[in-house]
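A.B. asks: So here's input_39.csv, just CSV, C-alpha atoms:
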```csv
chain,number,residue,atom,x,y,z
A,1,GLY,CA,123.8,16.1,65.3
A,2,ALA,CA,122.4,13.0,63.8
A,3,VAL,CA,118.7,12.4,64.3
A,4,VAL,CA,116.8,9.2,64.7
A,5,SER,CA,113.0,9.4,64.5
A,6,GLN,CA,110.8,6.7,66.1
A,7,HIS,CA,107.1,6.4,65.6
A,8,PRO,CA,104.6,6.1,67.1
A,9,SER,CA,105.6,7.5,70.5
A,10,ARG,CA,102.7,5.8,72.2
A,11,VAL,CA,100.4,3.1,71.1
A,12,ILE,CA,97.6,1.2,72.8
A,13,CYS,CA,96.3,-1.9,71.2
A,14,LYS,CA,94.1,-4.9,72.0
A,15,SER,CA,95.5,-8.3,72.9
A,16,GLY,CA,96.0,-10.4,69.8
A,17,THR,CA,96.6,-7.5,67.4
A,18,SER,CA,99.9,-6.6,65.8
A,19,VAL,CA,101.7,-3.3,66.2
A,20,LYS,CA,104.4,-1.9,63.9
A,21,ILE,CA,107.1,0.6,65.2
A,22,GLU,CA,109.2,2.5,62.8
A,23,CYS,CA,112.7,3.8,63.3
A,24,ARG,CA,114.2,6.2,60.7
A,25,SER,CA,117.6,7.8,60.5
A,26,LEU,CA,116.8,11.2,59.1
A,27,ASP,CA,120.2,12.6,58.1
A,28,PHE,CA,122.5,9.6,57.8
A,29,GLN,CA,122.5,6.1,56.4
A,30,ALA,CA,122.2,3.5,59.2
A,31,THR,CA,123.9,0.3,58.2
A,32,THR,CA,123.0,-1.1,61.6
A,33,MET,CA,120.0,-0.6,63.9
A,34,PHE,CA,119.4,-2.0,67.3
A,35,TRP,CA,116.1,-2.6,69.1
A,36,TYR,CA,115.9,-2.4,72.8
A,37,ARG,CA,113.2,-3.1,75.3
A,38,GLN,CA,113.1,-1.2,78.6
A,39,PHE,CA,111.0,-2.2,81.6
A,40,PRO,CA,110.1,0.4,84.3
A,41,LYS,CA,113.1,1.5,86.3
A,42,LYS,CA,115.2,-1.1,84.5
A,43,SER,CA,118.0,-1.0,82.1
A,44,LEU,CA,117.7,-1.5,78.3
A,45,MET,CA,117.6,-5.0,77.1
A,46,LEU,CA,118.9,-5.5,73.6
A,47,MET,CA,116.4,-7.5,71.6
A,48,ALA,CA,118.0,-7.7,68.2
A,49,THR,CA,120.5,-6.2,65.8
A,50,SER,CA,119.4,-5.5,62.2
A,51,ASN,CA,121.6,-4.9,59.3
A,52,GLU,CA,120.3,-3.4,56.1
A,53,GLY,CA,119.4,-6.1,53.6
A,54,SER,CA,119.9,-9.1,55.8
A,55,LYS,CA,118.1,-10.9,58.5
A,56,ALA,CA,118.1,-9.6,62.0
A,57,THR,CA,120.2,-11.2,64.7
A,58,TYR,CA,118.2,-11.8,67.8
A,59,GLU,CA,119.5,-12.0,71.4
A,60,GLN,CA,119.0,-15.2,73.3
A,61,GLY,CA,115.5,-15.5,74.7
A,62,VAL,CA,113.9,-13.1,72.2
A,63,GLU,CA,111.2,-14.7,70.0
A,64,LYS,CA,112.0,-13.8,66.4
A,65,ASP,CA,108.6,-14.9,65.2
A,66,LYS,CA,106.9,-12.6,67.7
A,67,PHE,CA,109.2,-9.6,67.2
A,68,LEU,CA,109.6,-9.2,63.5
A,69,ILE,CA,112.3,-6.9,62.4
A,70,ASN,CA,112.8,-5.5,58.9
A,71,HIS,CA,115.6,-3.3,57.8
A,72,ALA,CA,114.8,-2.9,54.1
A,73,SER,CA,116.6,0.4,53.5
A,74,LEU,CA,119.5,2.3,55.0
A,75,THR,CA,117.2,4.7,56.7
A,76,LEU,CA,114.4,2.6,57.9
A,77,SER,CA,114.0,-0.3,60.3
A,78,THR,CA,110.6,-1.6,61.6
A,79,LEU,CA,109.7,-3.7,64.6
A,80,THR,CA,106.4,-5.5,64.5
A,81,VAL,CA,105.1,-7.0,67.7
A,82,THR,CA,102.8,-9.8,66.4
A,83,SER,CA,99.8,-11.1,68.4
A,84,ALA,CA,100.5,-8.8,71.2
A,85,HIS,CA,99.8,-9.8,74.8
A,86,PRO,CA,99.7,-7.6,77.9
A,87,GLU,CA,103.2,-8.9,78.9
A,88,ASP,CA,104.5,-7.3,75.8
A,89,SER,CA,103.6,-3.9,77.2
A,90,SER,CA,106.9,-2.0,77.5
A,91,PHE,CA,109.0,0.9,76.3
A,92,TYR,CA,110.7,0.1,73.0
A,93,ILE,CA,113.7,2.1,71.8
A,94,CYS,CA,115.7,1.9,68.6
A,95,SER,CA,119.1,3.1,67.9
A,96,ALA,CA,121.1,3.5,64.8
A,97,ALA,CA,124.7,3.6,63.8
A,98,SER,CA,126.2,4.7,60.6
A,99,THR,CA,129.4,3.6,58.9
A,100,GLY,CA,132.3,5.3,60.6
A,101,GLN,CA,130.4,6.2,63.7
A,102,ILE,CA,131.6,3.1,65.5
A,103,GLU,CA,131.7,4.7,68.9
A,104,LYS,CA,128.4,6.5,69.0
A,105,LEU,CA,124.9,5.4,68.7
A,106,PHE,CA,121.9,7.7,68.0
A,107,PHE,CA,118.7,6.8,69.8
A,108,GLY,CA,115.1,7.2,68.9
A,109,SER,CA,112.7,8.8,71.4
A,110,GLY,CA,111.1,5.5,72.2
A,111,THR,CA,107.6,3.9,71.9
A,112,GLN,CA,105.4,3.1,74.9
A,113,LEU,CA,103.4,0.1,74.0
A,114,SER,CA,100.3,-0.8,76.1
A,115,VAL,CA,98.5,-4.0,75.3
A,116,LEU,CA,95.0,-4.2,76.8
B,1,ALA,CA,131.9,-11.7,80.2
B,2,GLN,CA,131.9,-7.9,80.0
B,3,SER,CA,129.5,-6.0,82.1
B,4,VAL,CA,129.0,-2.7,83.8
B,5,ALA,CA,127.6,-2.1,87.3
B,6,GLN,CA,125.8,0.9,88.7
B,7,PRO,CA,125.6,0.3,92.4
B,8,GLU,CA,123.2,3.1,93.2
B,9,ASP,CA,119.5,3.0,92.1
B,10,GLN,CA,119.2,6.6,93.0
B,11,VAL,CA,121.4,9.5,93.9
B,12,ASN,CA,120.0,12.6,95.6
B,13,VAL,CA,121.9,15.9,95.6
B,14,ALA,CA,121.0,19.5,96.3
B,15,GLU,CA,121.2,22.0,93.5
B,16,GLY,CA,124.6,23.6,93.3
B,17,ASN,CA,126.4,20.7,95.0
B,18,PRO,CA,128.8,18.4,93.1
B,19,LEU,CA,127.3,15.1,92.0
B,20,THR,CA,128.8,11.7,91.3
B,21,VAL,CA,127.1,8.8,89.6
B,22,LYS,CA,129.1,5.6,90.0
B,23,CYS,CA,129.9,3.0,87.4
B,24,THR,CA,132.3,0.0,87.5
B,25,TYR,CA,133.1,-2.2,84.6
B,26,SER,CA,134.4,-5.6,83.7
B,27,VAL,CA,136.1,-6.3,80.4
B,28,SER,CA,138.7,-8.6,79.1
B,29,GLY,CA,140.3,-6.2,76.7
B,30,ASN,CA,140.5,-2.4,76.5
B,31,PRO,CA,137.2,-0.8,77.5
B,32,TYR,CA,135.1,1.4,75.4
B,33,LEU,CA,132.9,3.2,78.0
B,34,PHE,CA,129.9,5.5,77.6
B,35,TRP,CA,127.5,7.5,79.6
B,36,TYR,CA,124.0,8.2,78.4
B,37,VAL,CA,121.1,10.2,79.9
B,38,GLN,CA,117.4,9.5,79.6
B,39,TYR,CA,114.7,12.0,80.3
B,40,PRO,CA,111.1,10.7,81.1
B,41,ASN,CA,109.5,8.9,78.1
B,42,ARG,CA,112.4,9.7,75.9
B,43,GLY,CA,115.3,7.9,74.2
B,44,LEU,CA,118.8,8.0,75.4
B,45,GLN,CA,121.1,10.9,74.8
B,46,PHE,CA,124.9,10.5,74.5
B,47,LEU,CA,126.9,12.4,77.2
B,48,LEU,CA,130.4,11.2,76.8
B,49,LYS,CA,132.7,8.3,76.0
B,50,TYR,CA,136.1,7.0,76.8
B,51,ILE,CA,138.1,5.0,74.3
B,52,THR,CA,141.7,6.0,74.9
B,53,GLY,CA,143.7,9.0,75.9
B,54,ASP,CA,143.1,11.3,78.9
B,55,ASN,CA,141.5,9.6,81.9
B,56,LEU,CA,139.3,12.6,82.4
B,57,VAL,CA,136.7,12.9,79.7
B,58,LYS,CA,134.5,16.0,79.3
B,59,GLY,CA,131.1,15.7,77.8
B,60,SER,CA,127.8,17.4,77.2
B,61,TYR,CA,126.0,19.7,79.7
B,62,GLY,CA,129.0,20.2,81.9
B,63,PHE,CA,129.4,16.5,82.7
B,64,GLU,CA,132.7,14.7,82.9
B,65,ALA,CA,133.8,11.2,83.8
B,66,GLU,CA,137.0,9.8,85.1
B,67,PHE,CA,138.4,6.6,83.8
B,68,ASN,CA,140.3,4.7,86.6
B,69,LYS,CA,141.9,1.5,85.3
B,70,SER,CA,143.1,0.3,88.7
B,71,GLN,CA,139.6,0.6,90.2
B,72,THR,CA,137.9,-0.4,87.0
B,73,SER,CA,135.6,2.6,87.4
B,74,PHE,CA,134.2,5.3,85.2
B,75,HIS,CA,132.2,7.6,87.5
B,76,LEU,CA,130.2,10.4,86.1
B,77,LYS,CA,130.7,13.8,87.7
B,78,LYS,CA,129.5,17.4,87.6
B,79,PRO,CA,130.9,20.2,89.8
B,80,SER,CA,127.5,21.9,90.3
B,81,ALA,CA,124.2,20.1,89.9
B,82,LEU,CA,121.1,21.7,88.3
B,83,VAL,CA,117.5,20.7,88.9
B,84,SER,CA,117.3,20.1,85.1
B,85,ASP,CA,120.0,17.4,85.5
B,86,SER,CA,117.4,15.1,87.1
B,87,ALA,CA,117.1,12.1,84.9
B,88,LEU,CA,118.0,8.5,84.5
B,89,TYR,CA,121.7,7.9,83.8
B,90,PHE,CA,123.1,4.8,82.1
B,91,CYS,CA,126.7,3.6,82.0
B,92,ALA,CA,127.5,1.3,79.1
B,93,VAL,CA,130.4,-0.7,77.7
B,94,ARG,CA,131.0,-1.8,74.1
B,95,ASP,CA,130.2,-5.5,73.6
B,96,GLU,CA,133.5,-7.2,72.8
B,97,ARG,CA,131.8,-10.2,71.2
B,98,GLY,CA,131.9,-10.6,67.5
B,99,GLY,CA,129.5,-8.8,65.3
B,100,ALA,CA,128.4,-5.2,65.2
B,101,THR,CA,131.0,-3.0,66.8
B,102,ASN,CA,128.3,-0.6,68.1
B,103,LYS,CA,126.6,-3.1,70.3
B,104,LEU,CA,126.5,-1.8,73.9
B,105,ILE,CA,125.9,-3.4,77.2
B,106,PHE,CA,124.0,-1.1,79.6
B,107,GLY,CA,124.1,-0.8,83.3
B,108,THR,CA,120.9,-0.9,85.3
B,109,GLY,CA,120.7,2.9,85.4
B,110,THR,CA,120.8,5.4,88.3
B,111,LEU,CA,118.1,7.9,88.9
B,112,LEU,CA,119.6,11.3,89.7
B,113,ALA,CA,117.3,13.6,91.7
B,114,VAL,CA,118.5,17.2,92.2
B,115,GLN,CA,116.5,19.1,94.8
B,116,PRO,CA,116.1,22.9,94.5
```
Written as structure tokens, that's how I'd like the structure from this file.
C.D. replies:
Amino acid sequence: GAVVSQHPSRVICKSGTSVKIECRSLDFQATTMFWYRQFPKKSLMLMATSNEGSKATYEQGVEKDKFLINHASLTLSTLTVTSAHPEDSSFYICSAASTGQIEKLFFGSGTQLSVL
Amino acid sequence: AQSVAQPEDQVNVAEGNPLTVKCTYSVSGNPYLFWYVQYPNRGLQFLLKYITGDNLVKGSYGFEAEFNKSQTSFHLKKPSALVSDSALYFCAVRDERGGATNKLIFGTGTLLAVQP
């Protein structure tokens, strides 16, 4: 099956620094990628939708200047948490969809971000 | 607005017994429904989907789900639970709003605990 690779799996950073999370589709071209945030024992909250070559579409309440999303190629999307604060600590998950796979998403393994 | 509800935060079942994880949905059109499983510190794995056709959908790892239009439900079932089935299960519905067709709305998740 299709594989989505997400790195790093875990990152600890100091408050005020920026952290970049990568999401790669390894064996298919991902025209659309989604970024989710998951709080402990809670559901996934969609943060933004990124389409290759265009600006990301952010969900209501998500700060686009804080959570920078880049989808520069059909196999790579990045989420950069800028000026991280302890409240940004969370589990971030990406998912990817390829043209034609309209009913199925492939998820990365997630990134646990801890901001000290 | 479309939504899915998972009324149980946790389901406990003994190994070998049948299990059911409940999900109800609310959509204005035809529902596209999904079940995903998440193991600790991992991304989501697709289990099964309902788009059209038979109301009983068979998926991965011996799971199945029954689509019931009159009750607006899509409960996940398995005839005989395994300890390894212990995980967090998410029901999801495709977002009908305009834009990416792969956008999903997730339920709050149900933790399945299978006791040996």
A.B. asks: Excluding same-chain residues fewer than 6 positions from range 74-85 of chain A, what lies within 8 Å of it counting all atoms listed in the file, as a PyMOL selection string?
C.D. replies: chain A and resi 14-26+28-31+33+35+50+52+65-68+115-116
A.B. asks: Hey, can you check how far CA of Glu8 in chain B sits from CA of Thr111 in chain A?
C.D. replies: 26.4 Å
A.B. asks: When the cut-off is 6 Å and we count all atoms listed in the file, which residues of chain B are near chain A, given as a ChimeraX atom specification?
C.D. replies: /B:42-44,102,108-109
A.B. asks: For a test of reading the model, state the distance in Å between CA of Ser90 in chain A and CA of Gln60 in chain A, rounded to one decimal.
C.D. replies: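 Taking CA of Ser90 in chain A as the start and CA of Gln60 in chain A as the end point, the length is 18.4 Å.
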A.B. asks: Can you pull out the residues contacting Ser28 in chain B? Cut-off 9 Å, using only C-alpha atoms, and skip same-chain residues under 3 positions away; I want them as an MDAnalysis selection string.
C.D. replies: chainID B and resid 1:2 31 96
A.B. asks: What would the file look like if the residues just selected were written as a short mmCIF file (atom, residue, chain, number, x, y, z; two decimals), in the coordinates of the input with C-alpha atoms?
C.D. replies:
```cif
data_model
loop_
_atom_site.label_atom_id
_atom_site.label_comp_id
_atom_site.auth_asym_id
_atom_site.auth_seq_id
_atom_site.Cartn_x
_atom_site.Cartn_y
_atom_site.Cartn_z
CA ALA B 1 131.90 -11.70 80.20
CA GLN B 2 131.90 -7.90 80.00
CA PRO B 31 137.20 -0.80 77.50
CA GLU B 96 133.50 -7.20 72.80
#
```
A.B. asks: Name the closest residue to Cys91 in chain B among the candidates B:Gln38, B:Gln71, B:Gln115, B:Gln6; distances are taken between atoms, counting only C-alpha atoms.
C.D. replies: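 Among B:Gln38, B:Gln71, B:Gln115, B:Gln6, it is B:Gln6 that comes nearest to Cys91 in chain B.
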A.B. asks: For a cut-off of 12 Å around (118.6, 4.5, 98.3), file coordinates, pick out all residues using only C-alpha atoms and list them as a list in words.
C.D. replies: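 Taken together, the residues in range are Pro7, Glu8, Asp9, Gln10, Val11, Asn12, Thr110, Leu111, Leu112 and Ala113 of chain B.
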A.B. asks: What's the 8 Å shell around Val114 in chain B, counting all atoms listed in the file, without same-chain residues fewer than 3 positions away, as an mmCIF file with C-alpha atoms, in the coordinates of the input?
C.D. replies:
```cif
data_model
loop_
_atom_site.group_PDB
_atom_site.id
_atom_site.type_symbol
_atom_site.label_atom_id
_atom_site.label_comp_id
_atom_site.auth_asym_id
_atom_site.auth_seq_id
_atom_site.Cartn_x
_atom_site.Cartn_y
_atom_site.Cartn_z
ATOM 1 C CA ASN B 12 120.000 12.600 95.600
ATOM 2 C CA VAL B 13 121.900 15.900 95.600
ATOM 3 C CA ALA B 14 121.000 19.500 96.300
ATOM 4 C CA GLU B 15 121.200 22.000 93.500
ATOM 5 C CA ALA B 81 124.200 20.100 89.900
ATOM 6 C CA LEU B 82 121.100 21.700 88.300
ATOM 7 C CA VAL B 83 117.500 20.700 88.900
ATOM 8 C CA SER B 84 117.300 20.100 85.100
ATOM 9 C CA ASP B 85 120.000 17.400 85.500
ATOM 10 C CA SER B 86 117.400 15.100 87.100
#
```
A.B. asks: Determine the nearest neighbour of Pro40 in chain B from the options A:Gly53, A:Pro86, A:Gly61, A:Pro40, counting only C-alpha atoms.
C.D. replies: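 Residue with the minimum atom-to-atom distance to Pro40 in chain B: A:Pro40.
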A.B. asks: How many Å separate CA of Ile12 in chain A from CA of Ala72 in chain A?
C.D. replies: 25.7 Å
A.B. asks: Please return as number ranges by chain every residue within 12 Å of (138.5, -1.9, 88.2), taking into account only C-alpha atoms and the file's own coordinates.
C.D. replies: B: 3-5, 23-28, 30-31, 67-75
A.B. asks: Between A:Val3, A:Asp27, A:Phe39, A:Asp88, which residue has the minimum interatomic distance to Val62 in chain A, considering all atoms listed in the file?
C.D. replies: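 Selected residue with least distance to Val62 in chain A: A:Asp88.
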A.B. asks: From the list B:Val21, B:Val57, B:Ile105, B:Val37, which residue is nearest Phe90 in chain B when using all atoms listed in the file?
C.D. replies: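 For Phe90 in chain B, the nearest of the candidates is B:Val37.
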A.B. asks: Is there a way to complete range 69-95 of chain A with N, CA, C and O atoms and then write that out as a compact mmCIF listing (two decimals), keeping the file's coordinate frame?
C.D. replies:
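Wrote it out as result-v6.txt, contents follow:
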```txt
# COMPACT_ATOMS: atom_id res chain seq x y z
N ILE A 69 111.53 -8.05 62.72
CA ILE A 69 112.30 -6.90 62.40
C ILE A 69 112.68 -6.87 60.94
O ILE A 69 113.14 -7.87 60.40
N ASN A 70 112.46 -5.71 60.34
CA ASN A 70 112.80 -5.50 58.90
C ASN A 70 113.64 -4.30 58.76
O ASN A 70 113.34 -3.24 59.31
N HIS A 71 114.70 -4.43 58.00
CA HIS A 71 115.60 -3.30 57.80
C HIS A 71 115.83 -3.21 56.27
O HIS A 71 116.90 -3.52 55.75
N ALA A 72 114.79 -2.79 55.59
CA ALA A 72 114.80 -2.90 54.10
C ALA A 72 115.59 -1.79 53.45
O ALA A 72 115.98 -1.93 52.29
N SER A 73 115.85 -0.69 54.15
CA SER A 73 116.60 0.40 53.50
C SER A 73 117.63 0.91 54.55
O SER A 73 117.58 0.56 55.73
N LEU A 74 118.51 1.75 54.09
CA LEU A 74 119.50 2.30 55.00
C LEU A 74 119.01 3.37 55.91
O LEU A 74 119.75 3.89 56.74
N THR A 75 117.72 3.71 55.78
CA THR A 75 117.20 4.70 56.70
C THR A 75 115.95 4.28 57.44
O THR A 75 115.37 5.06 58.20
N LEU A 76 115.57 3.03 57.29
CA LEU A 76 114.40 2.60 57.90
C LEU A 76 114.46 1.16 58.45
O LEU A 76 114.84 0.24 57.73
N SER A 77 114.11 1.00 59.72
CA SER A 77 114.00 -0.30 60.30
C SER A 77 112.61 -0.36 61.01
O SER A 77 112.19 0.65 61.59
N THR A 78 111.93 -1.50 60.95
CA THR A 78 110.60 -1.60 61.60
C THR A 78 110.65 -2.81 62.57
O THR A 78 111.28 -3.84 62.29
N LEU A 79 109.97 -2.65 63.67
CA LEU A 79 109.70 -3.70 64.60
C LEU A 79 108.25 -3.97 64.70
O LEU A 79 107.49 -3.04 64.99
N THR A 80 107.83 -5.18 64.40
CA THR A 80 106.40 -5.50 64.50
C THR A 80 106.22 -6.52 65.62
O THR A 80 106.81 -7.60 65.61
N VAL A 81 105.40 -6.12 66.57
CA VAL A 81 105.10 -7.00 67.70
C VAL A 81 103.79 -7.75 67.22
O VAL A 81 102.72 -7.14 67.08
N THR A 82 103.92 -9.03 66.97
CA THR A 82 102.80 -9.80 66.40
C THR A 82 102.00 -10.45 67.58
O THR A 82 102.56 -10.83 68.61
N SER A 83 100.69 -10.52 67.37
CA SER A 83 99.80 -11.10 68.40
C SER A 83 100.16 -10.66 69.77
O SER A 83 100.54 -11.45 70.64
N ALA A 84 100.07 -9.37 69.94
CA ALA A 84 100.50 -8.80 71.20
C ALA A 84 99.73 -9.26 72.39
O ALA A 84 98.52 -9.50 72.30
N HIS A 85 100.43 -9.38 73.49
CA HIS A 85 99.80 -9.80 74.80
C HIS A 85 100.18 -8.71 75.81
O HIS A 85 101.15 -7.95 75.65
N PRO A 86 99.41 -8.64 76.89
CA PRO A 86 99.70 -7.60 77.90
C PRO A 86 101.15 -7.66 78.41
O PRO A 86 101.71 -6.60 78.72
N GLU A 87 101.77 -8.82 78.45
CA GLU A 87 103.20 -8.90 78.90
C GLU A 87 104.14 -8.27 77.93
O GLU A 87 105.32 -8.08 78.26
N ASP A 88 103.67 -7.96 76.72
CA ASP A 88 104.50 -7.30 75.80
C ASP A 88 104.54 -5.76 75.99
O ASP A 88 105.32 -5.03 75.36
N SER A 89 103.68 -5.31 76.88
CA SER A 89 103.60 -3.90 77.20
C SER A 89 104.99 -3.46 77.73
O SER A 89 105.52 -4.05 78.68
N SER A 90 105.54 -2.43 77.12
CA SER A 90 106.90 -2.00 77.50
C SER A 90 107.25 -0.74 76.72
O SER A 90 106.48 -0.26 75.90
N PHE A 91 108.43 -0.24 77.03
CA PHE A 91 109.00 0.90 76.30
C PHE A 91 110.02 0.33 75.34
O PHE A 91 110.97 -0.33 75.77
N TYR A 92 109.83 0.57 74.05
CA TYR A 92 110.70 0.10 73.00
C TYR A 92 111.54 1.21 72.45
O TYR A 92 110.98 2.24 72.09
N ILE A 93 112.85 1.01 72.35
CA ILE A 93 113.70 2.10 71.80
C ILE A 93 114.60 1.50 70.73
O ILE A 93 115.14 0.40 70.84
N CYS A 94 114.74 2.28 69.66
CA CYS A 94 115.70 1.90 68.60
C CYS A 94 116.89 2.78 68.64
O CYS A 94 116.85 3.89 69.18
N SER A 95 117.95 2.28 68.11
CA SER A 95 119.10 3.10 67.90
C SER A 95 119.77 2.76 66.60
O SER A 95 119.56 1.67 66.07
```
